[in-house]
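Chemist: What follows is my_file25.pdb, PDB, C-alpha atoms.
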MODEL        1
ATOM      1  CA  MET A   1     -53.084  39.188-129.813  1.00  0.00           C
ATOM      2  CA  HIS A   2     -54.680  40.833-126.790  1.00  0.00           C
ATOM      3  CA  TYR A   3     -58.083  39.613-125.592  1.00  0.00           C
ATOM      4  CA  ASP A   4     -59.464  43.088-124.730  1.00  0.00           C
ATOM      5  CA  ALA A   5     -58.503  44.326-128.202  1.00  0.00           C
ATOM      6  CA  TRP A   6     -60.117  41.262-129.788  1.00  0.00           C
ATOM      7  CA  LEU A   7     -63.350  41.942-127.868  1.00  0.00           C
ATOM      8  CA  ARG A   8     -63.338  45.578-128.970  1.00  0.00           C
ATOM      9  CA  ALA A   9     -62.761  44.661-132.623  1.00  0.00           C
ATOM     10  CA  LEU A  10     -65.493  42.002-132.430  1.00  0.00           C
ATOM     11  CA  GLY A  11     -67.869  44.584-131.000  1.00  0.00           C
ATOM     12  CA  LYS A  12     -67.116  46.971-133.840  1.00  0.00           C
ATOM     13  CA  ARG A  13     -67.968  44.239-136.339  1.00  0.00           C
ATOM     14  CA  LEU A  14     -71.252  43.520-134.549  1.00  0.00           C
ATOM     15  CA  ALA A  15     -72.112  47.230-134.486  1.00  0.00           C
ATOM     16  CA  ALA A  16     -71.300  47.680-138.180  1.00  0.00           C
ATOM     17  CA  HIS A  17     -73.502  44.721-139.107  1.00  0.00           C
ATOM     18  CA  ARG A  18     -76.364  45.998-136.928  1.00  0.00           C
ATOM     19  CA  LYS A  19     -76.127  49.412-138.580  1.00  0.00           C
ATOM     20  CA  ARG A  20     -76.175  47.807-142.041  1.00  0.00           C
ATOM     21  CA  LEU A  21     -79.412  46.111-141.005  1.00  0.00           C
ATOM     22  CA  GLY A  22     -80.758  49.509-139.930  1.00  0.00           C
ATOM     23  CA  ILE A  23     -81.811  48.397-136.455  1.00  0.00           C
ATOM     24  CA  THR A  24     -81.226  49.768-132.978  1.00  0.00           C
ATOM     25  CA  GLN A  25     -79.216  48.082-130.249  1.00  0.00           C
ATOM     26  CA  ALA A  26     -82.507  47.390-128.460  1.00  0.00           C
ATOM     27  CA  LYS A  27     -83.928  45.636-131.530  1.00  0.00           C
ATOM     28  CA  ALA A  28     -80.689  43.656-131.982  1.00  0.00           C
ATOM     29  CA  ALA A  29     -80.761  42.570-128.328  1.00  0.00           C
ATOM     30  CA  ASP A  30     -84.400  41.541-128.682  1.00  0.00           C
ATOM     31  CA  THR A  31     -83.605  39.597-131.863  1.00  0.00           C
ATOM     32  CA  CYS A  32     -80.758  37.810-130.042  1.00  0.00           C
ATOM     33  CA  GLY A  33     -82.852  37.144-126.940  1.00  0.00           C
ATOM     34  CA  ILE A  34     -80.448  38.960-124.615  1.00  0.00           C
ATOM     35  CA  ASP A  35     -80.617  42.003-122.379  1.00  0.00           C
ATOM     36  CA  VAL A  36     -79.985  45.328-124.164  1.00  0.00           C
ATOM     37  CA  LYS A  37     -77.250  46.290-121.664  1.00  0.00           C
ATOM     38  CA  PHE A  38     -75.472  42.983-122.344  1.00  0.00           C
ATOM     39  CA  TYR A  39     -75.726  43.591-126.097  1.00  0.00           C
ATOM     40  CA  GLN A  40     -74.393  47.136-125.731  1.00  0.00           C
ATOM     41  CA  ASP A  41     -71.470  45.829-123.681  1.00  0.00           C
ATOM     42  CA  LEU A  42     -70.717  43.328-126.467  1.00  0.00           C
ATOM     43  CA  GLU A  43     -70.655  46.101-129.077  1.00  0.00           C
ATOM     44  CA  TYR A  44     -68.409  48.282-126.942  1.00  0.00           C
ATOM     45  CA  GLY A  45     -66.046  45.406-126.170  1.00  0.00           C
ATOM     46  CA  ARG A  46     -66.713  45.650-122.444  1.00  0.00           C
ATOM     47  CA  ARG A  47     -68.108  42.162-122.002  1.00  0.00           C
ATOM     48  CA  PRO A  48     -66.476  38.840-122.748  1.00  0.00           C
ATOM     49  CA  CYS A  49     -68.850  36.274-124.137  1.00  0.00           C
ATOM     50  CA  SER A  50     -68.874  32.535-124.406  1.00  0.00           C
ATOM     51  CA  THR A  51     -68.668  30.769-127.729  1.00  0.00           C
ATOM     52  CA  ARG A  52     -72.293  29.776-127.156  1.00  0.00           C
ATOM     53  CA  THR A  53     -73.344  33.420-126.808  1.00  0.00           C
ATOM     54  CA  LEU A  54     -71.271  34.489-129.799  1.00  0.00           C
ATOM     55  CA  PHE A  55     -72.830  31.725-131.885  1.00  0.00           C
ATOM     56  CA  GLY A  56     -76.323  32.731-130.716  1.00  0.00           C
ATOM     57  CA  VAL A  57     -75.790  36.419-131.486  1.00  0.00           C
ATOM     58  CA  THR A  58     -74.296  35.821-134.923  1.00  0.00           C
ATOM     59  CA  THR A  59     -76.998  33.304-135.819  1.00  0.00           C
ATOM     60  CA  ALA A  60     -79.827  35.595-134.666  1.00  0.00           C
ATOM     61  CA  MET A  61     -78.317  38.525-136.577  1.00  0.00           C
ATOM     62  CA  ASN A  62     -77.777  36.402-139.704  1.00  0.00           C
ATOM     63  CA  LEU A  63     -74.057  37.086-139.541  1.00  0.00           C
ATOM     64  CA  GLY A  64     -71.574  34.394-140.456  1.00  0.00           C
ATOM     65  CA  ILE A  65     -69.065  33.626-137.732  1.00  0.00           C
ATOM     66  CA  ASP A  66     -66.295  34.298-140.253  1.00  0.00           C
ATOM     67  CA  GLU A  67     -67.795  37.762-140.780  1.00  0.00           C
ATOM     68  CA  ALA A  68     -67.942  38.419-137.034  1.00  0.00           C
ATOM     69  CA  VAL A  69     -64.416  37.391-136.065  1.00  0.00           C
ATOM     70  CA  PRO A  70     -62.031  40.349-136.405  1.00  0.00           C
ATOM     71  CA  THR A  71     -58.781  40.271-138.342  1.00  0.00           C
ATOM     72  CA  LYS A  72     -55.379  40.711-136.735  1.00  0.00           C
ATOM     73  CA  ALA A  73     -55.162  44.211-138.235  1.00  0.00           C
ATOM     74  CA  GLU A  74     -58.489  45.159-136.606  1.00  0.00           C
ATOM     75  CA  CYS A  75     -57.273  43.777-133.271  1.00  0.00           C
ATOM     76  CA  ASP A  76     -54.006  45.694-133.569  1.00  0.00           C
ATOM     77  CA  ALA A  77     -55.940  48.914-134.272  1.00  0.00           C
ATOM     78  CA  ALA A  78     -58.221  48.244-131.296  1.00  0.00           C
ATOM     79  CA  LEU A  79     -55.181  47.655-129.083  1.00  0.00           C
ATOM     80  CA  VAL A  80     -53.767  51.038-130.087  1.00  0.00           C
ATOM     81  CA  GLU A  81     -57.131  52.643-129.218  1.00  0.00           C
ATOM     82  CA  LEU A  82     -57.146  50.943-125.831  1.00  0.00           C
ATOM     83  CA  GLN A  83     -53.550  51.988-125.146  1.00  0.00           C
ATOM     84  CA  ASP A  84     -54.314  55.593-126.139  1.00  0.00           C
ATOM     85  CA  ARG A  85     -57.363  55.667-123.864  1.00  0.00           C
ATOM     86  CA  ARG A  86     -55.364  54.281-120.949  1.00  0.00           C
ATOM     87  CA  LEU A  87     -52.600  56.861-121.510  1.00  0.00           C
ATOM     88  CA  ARG A  88     -55.162  59.695-121.608  1.00  0.00           C
ATOM     89  CA  ASN A  89     -56.556  58.404-118.316  1.00  0.00           C
ATOM     90  CA  GLY A  90     -53.099  58.279-116.715  1.00  0.00           C
ATOM     91  CA  HIS A  91     -52.696  54.485-116.682  1.00  0.00           C
ATOM     92  CA  ALA A  92     -49.967  52.195-117.983  1.00  0.00           C
ATOM     93  CA  ALA A  93     -49.610  52.072-121.763  1.00  0.00           C
ATOM     94  CA  THR A  94     -51.166  48.655-122.278  1.00  0.00           C
ATOM     95  CA  PRO A  95     -54.477  47.279-120.971  1.00  0.00           C
ATOM     96  CA  ASN A  96     -53.869  44.994-117.986  1.00  0.00           C
ATOM     97  CA  ASN A  97     -50.104  45.409-118.589  1.00  0.00           C
ATOM     98  CA  VAL A  98     -50.286  43.113-121.610  1.00  0.00           C
ATOM     99  CA  THR A  99     -48.269  43.631-124.763  1.00  0.00           C
ATOM    100  CA  SER A 100     -49.606  43.139-128.275  1.00  0.00           C
ATOM    101  CA  SER A 101     -47.826  39.762-128.298  1.00  0.00           C
ATOM    102  CA  GLY A 102     -50.252  38.568-125.623  1.00  0.00           C
ATOM    103  CA  ALA A 103     -47.621  38.085-122.917  1.00  0.00           C
ATOM    104  CA  ALA A 104     -48.588  39.467-119.549  1.00  0.00           C
ATOM    105  CA  HIS A 105     -45.831  41.330-117.779  1.00  0.00           C
ATOM    106  CA  ALA A 106     -45.575  41.180-114.035  1.00  0.00           C
ATOM    107  CA  PRO A 107     -43.968  44.109-112.184  1.00  0.00           C
ATOM    108  CA  ASN A 108     -40.669  42.185-112.014  1.00  0.00           C
ATOM    109  CA  GLY A 109     -40.531  41.943-115.825  1.00  0.00           C
ATOM    110  CA  SER A 110     -41.416  38.249-116.068  1.00  0.00           C
ATOM    111  CA  SER A 111     -44.285  37.165-118.272  1.00  0.00           C
ATOM    112  CA  HIS A 112     -46.738  34.329-118.413  1.00  0.00           C
ATOM    113  CA  VAL A 113     -49.664  33.138-120.480  1.00  0.00           C
ATOM    114  CA  THR A 114     -52.435  30.882-119.175  1.00  0.00           C
ATOM    115  CA  ASN A 115     -53.906  28.368-121.637  1.00  0.00           C
ATOM    116  CA  GLY A 116     -53.301  30.718-124.543  1.00  0.00           C
ATOM    117  CA  LEU A 117     -55.021  33.660-122.840  1.00  0.00           C
ATOM    118  CA  SER A 118     -53.020  36.434-121.290  1.00  0.00           C
ATOM    119  CA  ALA A 119     -53.012  37.179-117.579  1.00  0.00           C
ATOM    120  CA  SER A 120     -56.306  38.013-115.970  1.00  0.00           C
ATOM    121  CA  GLY A 121     -57.611  41.441-115.171  1.00  0.00           C
ATOM    122  CA  PRO A 122     -61.014  43.091-115.052  1.00  0.00           C
ATOM    123  CA  GLY A 123     -63.163  41.625-117.821  1.00  0.00           C
ATOM    124  CA  VAL A 124     -60.495  39.197-119.018  1.00  0.00           C
ATOM    125  CA  ALA A 125     -61.528  35.559-118.965  1.00  0.00           C
ATOM    126  CA  THR A 126     -58.938  32.975-118.059  1.00  0.00           C
ATOM    127  CA  SER A 127     -59.536  29.269-118.093  1.00  0.00           C
ATOM    128  CA  HIS A 128     -59.864  29.345-114.303  1.00  0.00           C
ATOM    129  CA  SER A 129     -62.554  32.035-114.238  1.00  0.00           C
ATOM    130  CA  MET A 130     -64.775  30.270-116.789  1.00  0.00           C
ATOM    131  CA  PRO A 131     -67.371  27.675-115.856  1.00  0.00           C
ATOM    132  CA  THR A 132     -66.126  24.172-116.619  1.00  0.00           C
ATOM    133  CA  SER A 133     -68.551  23.653-119.521  1.00  0.00           C
ATOM    134  CA  GLU A 134     -67.395  26.874-121.219  1.00  0.00           C
ATOM    135  CA  ARG A 135     -63.752  26.068-120.547  1.00  0.00           C
ATOM    136  CA  HIS A 136     -64.222  22.729-122.273  1.00  0.00           C
ATOM    137  CA  ALA A 137     -65.926  24.378-125.243  1.00  0.00           C
ATOM    138  CA  VAL A 138     -63.251  27.058-125.605  1.00  0.00           C
ATOM    139  CA  PHE A 139     -60.174  24.934-125.002  1.00  0.00           C
ATOM    140  CA  GLY A 140     -61.412  21.630-126.444  1.00  0.00           C
ATOM    141  CA  ALA A 141     -60.960  19.802-123.142  1.00  0.00           C
ATOM    142  CA  SER A 142     -62.837  16.612-122.482  1.00  0.00           C
ATOM    143  CA  GLY A 143     -64.343  15.136-119.359  1.00  0.00           C
TER
ENDMDL
END
Let me see the structure of the file written as structure tokens.
Modeler:
Amino acid sequence: MHYDAWLRALGKRLAAHRKRLGITQAKAADTCGIDVKFYQDLEYGRRPCSTRTLFGVTTAMNLGIDEAVPTKAECDAALVELQDRRLRNGHAATPNNVTSSGAAHAPNGSSHVTNGLSASGPGVATSHSMPTSERHAVFGASG
């Protein structure tokens, strides 16, 4: 599964829930106690968020975490959308040169995965780019 596609599918779920509630993005951001631009970026899948932020947003919006987390099918559909957008813009077929399997492909054809997350790129969090406290929360590390 590709992280950018997962973020996009998560954002679609947040947007659908907000629309069911009949509130604006500004009202949702206010309810969650976050900046409206940050909330918009979450809905559009442009902003990675910590588990703490995701928990806070879903709790404030009265959305169960199981309702917020996208399915594999939703992630696959989001990946296709991202690939189509990149092709229309004249870029490589996959975001950050990552396949739907999650393996990052270097120009020489080799691949690698870091701590279960694919190779880094703009907006893609790797364990090394996260603060230590978040890294511990996400990856279950101790100490």
Chemist: Excluding His17 in chain A and residues on its chain fewer than 4 positions from it, collect all residues at most 8 Å away from it, counting all atoms listed in the file, and give them as a list in words.
Modeler: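 Skipping anything fewer than 4 positions along the chain leaves Arg13, Leu21 and Leu63 of chain A.
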Chemist: I need the chosen residues saved as a short mmCIF file (atom, residue, chain, number, x, y, z; two decimals), in the frame of the given file, with C-alpha atoms.
Modeler:
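Wrote it out as again-v2.cif, contents follow:
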data_model
loop_
_atom_site.label_atom_id
_atom_site.label_comp_id
_atom_site.auth_asym_id
_atom_site.auth_seq_id
_atom_site.Cartn_x
_atom_site.Cartn_y
_atom_site.Cartn_z
CA ARG A 13 -67.97 44.24 -136.34
CA LEU A 21 -79.41 46.11 -141.00
CA LEU A 63 -74.06 37.09 -139.54
#
Chemist: So, with only C-alpha atoms as the atoms that count, which of A:Tyr44, A:Asp84, A:His2, A:Lys72 lies closest to Leu14 in chain A?
Modeler: A:Tyr44
Chemist: Name the residues in contact with range 29-35 of chain A at a cut-off of 6 Å, using only C-alpha atoms, excluding same-chain residues fewer than 4 positions from it; report them as a PyMOL selection string.
Modeler: chain A and resi 39+57+60
Chemist: CA of Leu10 in chain A and CA of Gly45 in chain A are how many Å apart?
Modeler: 7.1 Å
Chemist: One number please: CA of Ala68 in chain A to CA of Arg85 in chain A, in Å, one decimal.
Modeler: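 Rounded to one decimal, the two atoms are 24.1 Å apart.
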Chemist: Choose the residue, out of A:Pro48, A:Lys19, A:Lys12, A:Ala28, that has the smallest atom-to-atom separation from Met61 in chain A; count only C-alpha atoms.
Modeler: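 That would be A:Ala28, the residue with the smallest distance to Met61 in chain A.
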Chemist: One number please: CA of Met1 in chain A to CA of Cys75 in chain A, in Å, one decimal.
Modeler: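 The value is 7.1 Å.
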Chemist: Counting only C-alpha atoms, figure out which residue out of A:Leu42, A:Leu87, A:Leu54, A:Cys49 gets nearest to Arg8 in chain A.
Modeler: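 Going through A:Leu42, A:Leu87, A:Leu54, A:Cys49 one by one, the smallest distance to Arg8 in chain A is for A:Leu42.
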Chemist: Start from the incomplete input, build N, CA and C atoms for range 13-37 of chain A, and deliver everything as a JSON list (two decimals), keeping the file's coordinate frame.
Modeler:
[["chain", "number", "residue", "atom", "x", "y", "z"],
["A", 13, "ARG", "N", -67.38, 45.00, -135.23],
["A", 13, "ARG", "CA", -67.97, 44.24, -136.34],
["A", 13, "ARG", "C", -69.46, 44.02, -136.10],
["A", 14, "LEU", "N", -69.83, 43.70, -134.86],
["A", 14, "LEU", "CA", -71.25, 43.52, -134.55],
["A", 14, "LEU", "C", -72.03, 44.82, -134.77],
["A", 15, "ALA", "N", -71.45, 45.93, -134.32],
["A", 15, "ALA", "CA", -72.11, 47.23, -134.49],
["A", 15, "ALA", "C", -72.27, 47.60, -135.96],
["A", 16, "ALA", "N", -71.23, 47.36, -136.75],
["A", 16, "ALA", "CA", -71.30, 47.68, -138.18],
["A", 16, "ALA", "C", -72.39, 46.85, -138.86],
["A", 17, "HIS", "N", -72.48, 45.58, -138.51],
["A", 17, "HIS", "CA", -73.50, 44.72, -139.11],
["A", 17, "HIS", "C", -74.90, 45.19, -138.70],
["A", 18, "ARG", "N", -75.07, 45.52, -137.41],
["A", 18, "ARG", "CA", -76.36, 46.00, -136.93],
["A", 18, "ARG", "C", -76.78, 47.26, -137.66],
["A", 19, "LYS", "N", -75.83, 48.16, -137.87],
["A", 19, "LYS", "CA", -76.13, 49.41, -138.58],
["A", 19, "LYS", "C", -76.49, 49.16, -140.03],
["A", 20, "ARG", "N", -75.81, 48.18, -140.67],
["A", 20, "ARG", "CA", -76.18, 47.81, -142.04],
["A", 20, "ARG", "C", -77.61, 47.30, -142.11],
["A", 21, "LEU", "N", -78.04, 46.61, -141.06],
["A", 21, "LEU", "CA", -79.41, 46.11, -141.00],
["A", 21, "LEU", "C", -80.41, 47.23, -140.71],
["A", 22, "GLY", "N", -79.89, 48.36, -140.22],
["A", 22, "GLY", "CA", -80.76, 49.51, -139.93],
["A", 22, "GLY", "C", -81.60, 49.32, -138.68],
["A", 23, "ILE", "N", -81.06, 48.62, -137.69],
["A", 23, "ILE", "CA", -81.81, 48.40, -136.46],
["A", 23, "ILE", "C", -81.05, 48.98, -135.26],
["A", 24, "THR", "N", -81.81, 49.22, -134.20],
["A", 24, "THR", "CA", -81.23, 49.77, -132.98],
["A", 24, "THR", "C", -80.58, 48.65, -132.15],
["A", 25, "GLN", "N", -79.79, 49.06, -131.16],
["A", 25, "GLN", "CA", -79.22, 48.08, -130.25],
["A", 25, "GLN", "C", -80.32, 47.33, -129.51],
["A", 26, "ALA", "N", -81.39, 48.03, -129.16],
["A", 26, "ALA", "CA", -82.51, 47.39, -128.46],
["A", 26, "ALA", "C", -83.15, 46.32, -129.33],
["A", 27, "LYS", "N", -83.34, 46.61, -130.60],
["A", 27, "LYS", "CA", -83.93, 45.64, -131.53],
["A", 27, "LYS", "C", -82.97, 44.46, -131.72],
["A", 28, "ALA", "N", -81.67, 44.73, -131.83],
["A", 28, "ALA", "CA", -80.69, 43.66, -131.98],
["A", 28, "ALA", "C", -80.70, 42.75, -130.75],
["A", 29, "ALA", "N", -80.73, 43.36, -129.57],
["A", 29, "ALA", "CA", -80.76, 42.57, -128.33],
["A", 29, "ALA", "C", -82.01, 41.71, -128.28],
["A", 30, "ASP", "N", -83.14, 42.29, -128.66],
["A", 30, "ASP", "CA", -84.40, 41.54, -128.68],
["A", 30, "ASP", "C", -84.32, 40.38, -129.68],
["A", 31, "THR", "N", -83.77, 40.63, -130.84],
["A", 31, "THR", "CA", -83.60, 39.60, -131.86],
["A", 31, "THR", "C", -82.73, 38.45, -131.34],
["A", 32, "CYS", "N", -81.69, 38.81, -130.57],
["A", 32, "CYS", "CA", -80.76, 37.81, -130.04],
["A", 32, "CYS", "C", -81.26, 37.14, -128.77],
["A", 33, "GLY", "N", -82.32, 37.71, -128.18],
["A", 33, "GLY", "CA", -82.85, 37.14, -126.94],
["A", 33, "GLY", "C", -81.99, 37.43, -125.73],
["A", 34, "ILE", "N", -81.30, 38.58, -125.75],
["A", 34, "ILE", "CA", -80.45, 38.96, -124.62],
["A", 34, "ILE", "C", -80.81, 40.37, -124.15],
["A", 35, "ASP", "N", -80.37, 40.69, -122.97],
["A", 35, "ASP", "CA", -80.62, 42.00, -122.38],
["A", 35, "ASP", "C", -79.92, 43.09, -123.19],
["A", 36, "VAL", "N", -80.56, 44.25, -123.35],
["A", 36, "VAL", "CA", -79.98, 45.33, -124.16],
["A", 36, "VAL", "C", -78.65, 45.80, -123.60],
["A", 37, "LYS", "N", -78.52, 45.86, -122.27],
["A", 37, "LYS", "CA", -77.25, 46.29, -121.66],
["A", 37, "LYS", "C", -76.15, 45.29, -122.00]]
